[in-house]
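S.K.: Got a file for you: start19.cif, mmCIF, C-alpha atoms, pLDDT in the B column; chains and numbers go by the auth columns.
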data_data
loop_
_atom_site.group_PDB
_atom_site.id
_atom_site.type_symbol
_atom_site.label_atom_id
_atom_site.label_comp_id
_atom_site.label_asym_id
_atom_site.label_seq_id
_atom_site.Cartn_x
_atom_site.Cartn_y
_atom_site.Cartn_z
_atom_site.B_iso_or_equiv
_atom_site.auth_seq_id
_atom_site.auth_asym_id
ATOM 1 C CA MET A 1 -45.173 85.421 -59.550 92.00 1 A
ATOM 2 C CA LYS A 2 -48.263 86.110 -61.689 96.00 2 A
ATOM 3 C CA ILE A 3 -51.560 85.822 -59.815 97.00 3 A
ATOM 4 C CA LEU A 4 -55.074 85.745 -61.245 97.00 4 A
ATOM 5 C CA CYS A 5 -57.554 87.306 -58.760 97.00 5 A
ATOM 6 C CA ILE A 6 -61.234 86.616 -59.408 97.00 6 A
ATOM 7 C CA ASP A 7 -64.068 88.238 -57.469 96.00 7 A
ATOM 8 C CA ASP A 8 -67.366 89.814 -58.470 95.00 8 A
ATOM 9 C CA GLU A 9 -66.933 92.506 -55.807 93.00 9 A
ATOM 10 C CA ALA A 10 -64.816 95.183 -57.491 94.00 10 A
ATOM 11 C CA ASP A 11 -63.545 96.664 -54.213 94.00 11 A
ATOM 12 C CA ILE A 12 -62.283 93.312 -52.949 92.00 12 A
ATOM 13 C CA VAL A 13 -60.499 92.319 -56.139 95.00 13 A
ATOM 14 C CA ALA A 14 -58.947 95.799 -56.415 96.00 14 A
ATOM 15 C CA LEU A 15 -57.693 95.674 -52.821 95.00 15 A
ATOM 16 C CA MET A 16 -56.224 92.186 -53.264 95.00 16 A
ATOM 17 C CA ALA A 17 -54.571 93.173 -56.543 97.00 17 A
ATOM 18 C CA GLU A 18 -53.060 96.355 -55.121 97.00 18 A
ATOM 19 C CA PHE A 19 -51.708 94.560 -52.051 97.00 19 A
ATOM 20 C CA LEU A 20 -50.255 91.657 -54.040 97.00 20 A
ATOM 21 C CA GLN A 21 -48.612 94.108 -56.438 98.00 21 A
ATOM 22 C CA LEU A 22 -47.021 95.898 -53.465 97.00 22 A
ATOM 23 C CA LEU A 23 -45.569 92.511 -52.507 96.00 23 A
ATOM 24 C CA GLY A 24 -43.967 92.317 -55.950 96.00 24 A
ATOM 25 C CA HIS A 25 -46.435 90.055 -57.753 97.00 25 A
ATOM 26 C CA SER A 26 -47.899 90.629 -61.169 97.00 26 A
ATOM 27 C CA VAL A 27 -51.704 90.527 -60.956 97.00 27 A
ATOM 28 C CA VAL A 28 -54.472 90.003 -63.486 97.00 28 A
ATOM 29 C CA THR A 29 -58.107 90.379 -62.387 97.00 29 A
ATOM 30 C CA ALA A 30 -61.446 88.963 -63.490 97.00 30 A
ATOM 31 C CA GLU A 31 -65.061 89.622 -62.469 95.00 31 A
ATOM 32 C CA ASN A 32 -66.206 85.990 -62.468 95.00 32 A
ATOM 33 C CA GLY A 33 -65.051 82.440 -63.022 93.00 33 A
ATOM 34 C CA ARG A 34 -65.916 82.434 -66.722 95.00 34 A
ATOM 35 C CA GLN A 35 -63.717 85.479 -67.338 96.00 35 A
ATOM 36 C CA GLY A 36 -60.977 83.962 -65.173 95.00 36 A
ATOM 37 C CA TYR A 37 -61.185 80.684 -67.060 94.00 37 A
ATOM 38 C CA ASP A 38 -60.774 82.490 -70.374 95.00 38 A
ATOM 39 C CA ILE A 39 -57.699 84.335 -69.077 94.00 39 A
ATOM 40 C CA LEU A 40 -56.146 81.189 -67.650 91.00 40 A
ATOM 41 C CA THR A 41 -56.754 78.964 -70.652 88.00 41 A
ATOM 42 C CA ALA A 42 -55.438 81.599 -73.081 91.00 42 A
ATOM 43 C CA ALA A 43 -51.969 81.301 -71.507 86.00 43 A
ATOM 44 C CA PRO A 44 -51.950 78.730 -68.671 77.00 44 A
ATOM 45 C CA GLU A 45 -48.179 78.843 -68.307 84.00 45 A
ATOM 46 C CA ASP A 46 -48.376 82.553 -67.451 90.00 46 A
ATOM 47 C CA ILE A 47 -50.484 82.151 -64.284 94.00 47 A
ATOM 48 C CA ASP A 48 -48.764 80.792 -61.159 95.00 48 A
ATOM 49 C CA LEU A 49 -51.689 81.068 -58.728 96.00 49 A
ATOM 50 C CA VAL A 50 -55.456 81.627 -58.900 96.00 50 A
ATOM 51 C CA ILE A 51 -57.348 83.339 -56.068 97.00 51 A
ATOM 52 C CA SER A 52 -61.085 82.984 -56.608 95.00 52 A
ATOM 53 C CA ASP A 53 -64.249 83.795 -54.718 94.00 53 A
ATOM 54 C CA VAL A 54 -66.481 80.750 -54.278 91.00 54 A
ATOM 55 C CA LYS A 55 -69.840 82.375 -55.069 90.00 55 A
ATOM 56 C CA MET A 56 -70.037 84.512 -58.208 92.00 56 A
ATOM 57 C CA PRO A 57 -72.404 84.945 -61.147 90.00 57 A
ATOM 58 C CA GLU A 58 -71.779 82.969 -64.341 89.00 58 A
ATOM 59 C CA MET A 59 -69.176 80.639 -62.791 93.00 59 A
ATOM 60 C CA GLY A 60 -68.148 80.290 -59.162 91.00 60 A
ATOM 61 C CA GLY A 61 -64.827 79.234 -57.725 91.00 61 A
ATOM 62 C CA PHE A 62 -65.596 75.531 -57.302 88.00 62 A
ATOM 63 C CA GLU A 63 -67.035 75.288 -60.785 93.00 63 A
ATOM 64 C CA LEU A 64 -63.868 76.921 -62.126 93.00 64 A
ATOM 65 C CA LEU A 65 -61.666 74.625 -60.050 91.00 65 A
ATOM 66 C CA ARG A 66 -63.468 71.466 -61.225 89.00 66 A
ATOM 67 C CA LEU A 67 -63.220 72.568 -64.853 92.00 67 A
ATOM 68 C CA LEU A 68 -59.509 73.352 -64.557 90.00 68 A
ATOM 69 C CA ARG A 69 -58.704 70.046 -62.851 89.00 69 A
ATOM 70 C CA HIS A 70 -60.832 68.095 -65.332 90.00 70 A
ATOM 71 C CA GLN A 71 -58.783 69.622 -68.137 90.00 71 A
ATOM 72 C CA GLY A 72 -55.491 68.777 -66.429 88.00 72 A
ATOM 73 C CA HIS A 73 -54.558 72.235 -65.115 86.00 73 A
ATOM 74 C CA ALA A 74 -52.631 71.859 -61.850 87.00 74 A
ATOM 75 C CA THR A 75 -52.365 75.591 -61.113 90.00 75 A
ATOM 76 C CA PRO A 76 -52.648 76.178 -57.341 93.00 76 A
ATOM 77 C CA VAL A 77 -55.970 77.748 -56.301 93.00 77 A
ATOM 78 C CA VAL A 78 -57.017 79.731 -53.234 94.00 78 A
ATOM 79 C CA LEU A 79 -60.782 79.683 -52.736 92.00 79 A
ATOM 80 C CA VAL A 80 -62.220 82.675 -50.876 91.00 80 A
ATOM 81 C CA SER A 81 -65.545 82.250 -49.096 85.00 81 A
ATOM 82 C CA GLY A 82 -67.696 84.557 -47.017 79.00 82 A
ATOM 83 C CA HIS A 83 -70.097 81.764 -46.106 69.00 83 A
ATOM 84 C CA ASN A 84 -67.780 79.163 -44.697 61.00 84 A
ATOM 85 C CA ASP A 85 -69.355 76.578 -42.431 61.00 85 A
ATOM 86 C CA GLY A 86 -66.585 74.044 -43.035 56.00 86 A
ATOM 87 C CA SER A 87 -68.136 72.656 -46.214 56.00 87 A
ATOM 88 C CA VAL A 88 -65.737 74.652 -48.413 58.00 88 A
ATOM 89 C CA GLU A 89 -62.723 73.021 -46.734 55.00 89 A
ATOM 90 C CA LEU A 90 -64.307 69.579 -47.062 51.00 90 A
ATOM 91 C CA GLU A 91 -64.977 69.997 -50.757 58.00 91 A
ATOM 92 C CA ALA A 92 -61.505 71.502 -51.296 56.00 92 A
ATOM 93 C CA LEU A 93 -59.967 68.285 -49.945 57.00 93 A
ATOM 94 C CA ASP A 94 -61.159 66.523 -53.102 60.00 94 A
ATOM 95 C CA HIS A 95 -58.818 68.647 -55.229 58.00 95 A
ATOM 96 C CA GLY A 96 -55.053 68.975 -55.046 63.00 96 A
ATOM 97 C CA GLY A 97 -53.293 72.306 -54.676 72.00 97 A
ATOM 98 C CA VAL A 98 -56.194 74.125 -53.028 85.00 98 A
ATOM 99 C CA ALA A 99 -56.303 76.389 -49.969 86.00 99 A
ATOM 100 C CA VAL A 100 -59.313 78.136 -48.424 86.00 100 A
ATOM 101 C CA LEU A 101 -59.382 81.726 -47.187 89.00 101 A
ATOM 102 C CA SER A 102 -62.444 82.835 -45.213 85.00 102 A
ATOM 103 C CA LYS A 103 -63.895 86.341 -45.524 83.00 103 A
ATOM 104 C CA PRO A 104 -63.373 88.653 -43.842 87.00 104 A
ATOM 105 C CA PHE A 105 -59.602 88.315 -43.925 88.00 105 A
ATOM 106 C CA ASP A 106 -56.783 90.739 -43.297 91.00 106 A
ATOM 107 C CA LEU A 107 -54.038 91.364 -45.817 92.00 107 A
ATOM 108 C CA ILE A 108 -51.389 89.627 -43.701 94.00 108 A
ATOM 109 C CA ARG A 109 -53.505 86.445 -43.799 94.00 109 A
ATOM 110 C CA LEU A 110 -53.761 86.794 -47.584 95.00 110 A
ATOM 111 C CA GLN A 111 -49.986 87.167 -47.791 95.00 111 A
ATOM 112 C CA LYS A 112 -49.402 84.052 -45.666 95.00 112 A
ATOM 113 C CA VAL A 113 -51.821 81.951 -47.713 94.00 113 A
ATOM 114 C CA VAL A 114 -50.211 83.080 -50.984 95.00 114 A
ATOM 115 C CA GLU A 115 -46.711 82.367 -49.651 93.00 115 A
ATOM 116 C CA GLY A 116 -47.869 78.948 -48.450 91.00 116 A
ATOM 117 C CA MET A 117 -49.248 78.042 -51.861 87.00 117 A
ATOM 118 C CA VAL A 118 -46.015 78.732 -53.702 76.00 118 A
ATOM 119 C CA ALA A 119 -43.490 77.541 -51.104 65.00 119 A
#
So that I can check it, write out the structure of this file as structure tokens.

M.R.:
Amino acid sequence: MKILCIDDEADIVALMAEFLQLLGHSVVTAENGRQGYDILTAAPEDIDLVISDVKMPEMGGFELLRLLRHQGHATPVVLVSGHNDGSVELEALDHGGVAVLSKPFDLIRLQKVVEGMVA
């Protein structure tokens, strides 16, 4: 599976990418939602799953998700949030094919969420 990981924290996106590659996935990374959007729209059939931080400069995860859904992209999305008071889950309910992963998370939790999104 090809996964697009988007996070403005270089260490986090690098760790996620390395772990997902060890699990056998192909991974592309982006620093923000705008960069991720450009990657996804250039070849939408190539990306099977998007993992995106919620709060980032230029374009956050929800903004990216809304734009993708508005344009008819049904690619599954995992939203990652470090400031989760339950509002992220509530807003995610408005969109299909979305899961929420709260920071901090361990790599086994990441693996389970990814497996759940593509099962």

S.K.: Just say which residues the PyMOL selection byres ((chain A and resi 29) around 9) picks in this file, as a ChimeraX atom specification.

M.R.: /A:3-7,13-14,17,27-28,30-31,35-36

S.K.: Selection from above, C-alpha atoms, as a short mmCIF file (atom, residue, chain, number, x, y, z; two decimals), keeping the file's coordinate frame, can you write it?

M.R.:
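Listed below is the output, selection-v7.cif:
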data_model
loop_
_atom_site.label_atom_id
_atom_site.label_comp_id
_atom_site.auth_asym_id
_atom_site.auth_seq_id
_atom_site.Cartn_x
_atom_site.Cartn_y
_atom_site.Cartn_z
CA ILE A 3 -51.56 85.82 -59.82
CA LEU A 4 -55.07 85.74 -61.24
CA CYS A 5 -57.55 87.31 -58.76
CA ILE A 6 -61.23 86.62 -59.41
CA ASP A 7 -64.07 88.24 -57.47
CA VAL A 13 -60.50 92.32 -56.14
CA ALA A 14 -58.95 95.80 -56.42
CA ALA A 17 -54.57 93.17 -56.54
CA VAL A 27 -51.70 90.53 -60.96
CA VAL A 28 -54.47 90.00 -63.49
CA ALA A 30 -61.45 88.96 -63.49
CA GLU A 31 -65.06 89.62 -62.47
CA GLN A 35 -63.72 85.48 -67.34
CA GLY A 36 -60.98 83.96 -65.17
#

S.K.: Considering only C-alpha atoms, state which residue in the set A:Ser102, A:Gln21, A:Ser26, A:Asn32 is at the smallest distance from Ser52 in chain A.

M.R.: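 Once distances to Ser52 in chain A are computed over only C-alpha atoms, the minimum belongs to A:Asn32.
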
S.K.: Using only C-alpha atoms, determine which residues lie at most 8 Å from Met59 in chain A, disregarding the query and same-chain residues fewer than 2 positions distant; provide the list as a PyMOL selection string.

M.R.: chain A and resi 32-34+55-57+61+63-64

S.K.: If we count all atoms listed in the file and set the cut-off at 12 Å, which residues sit around Gly116 in chain A, ignoring sequence neighbours fewer than 2 positions away in its own chain? Please answer as an NGL selection string.

M.R.: :A and (49 or 76-78 or 97-101 or 109-114 or 118-119)

S.K.: When you draw a straight line from CA of Arg66 in chain A to CA of Glu18 in chain A, how long is it in Å?

M.R.: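 Atom-to-atom, CA of Arg66 in chain A and CA of Glu18 in chain A are spaced 27.7 Å apart.
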
S.K.: So how far away is CA of His25 in chain A from CA of Gly72 in chain A, in Å?

M.R.: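 Atom-to-atom, CA of Gly72 in chain A and CA of His25 in chain A are spaced 24.7 Å apart.
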
S.K.: Identify which of the residues A:Ala43, A:Leu67, A:Leu107, A:Leu23 lies closest to Met1 in chain A, counting all atoms listed in the file when measuring atom-to-atom distances.

M.R.: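 Among the listed residues, A:Leu23 lies closest to Met1 in chain A.
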
S.K.: With distances taken over only C-alpha atoms, which residue among A:Leu20, A:Asp8, A:Thr41, A:Asp46 lies nearest Glu58 in chain A?

M.R.: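 Selected residue with least distance to Glu58 in chain A: A:Asp8.
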
S.K.: Which value, in Å to one decimal, gives the distance between CA of Val50 in chain A and CA of Lys2 in chain A?

M.R.: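 Those two atoms sit 8.9 Å apart.
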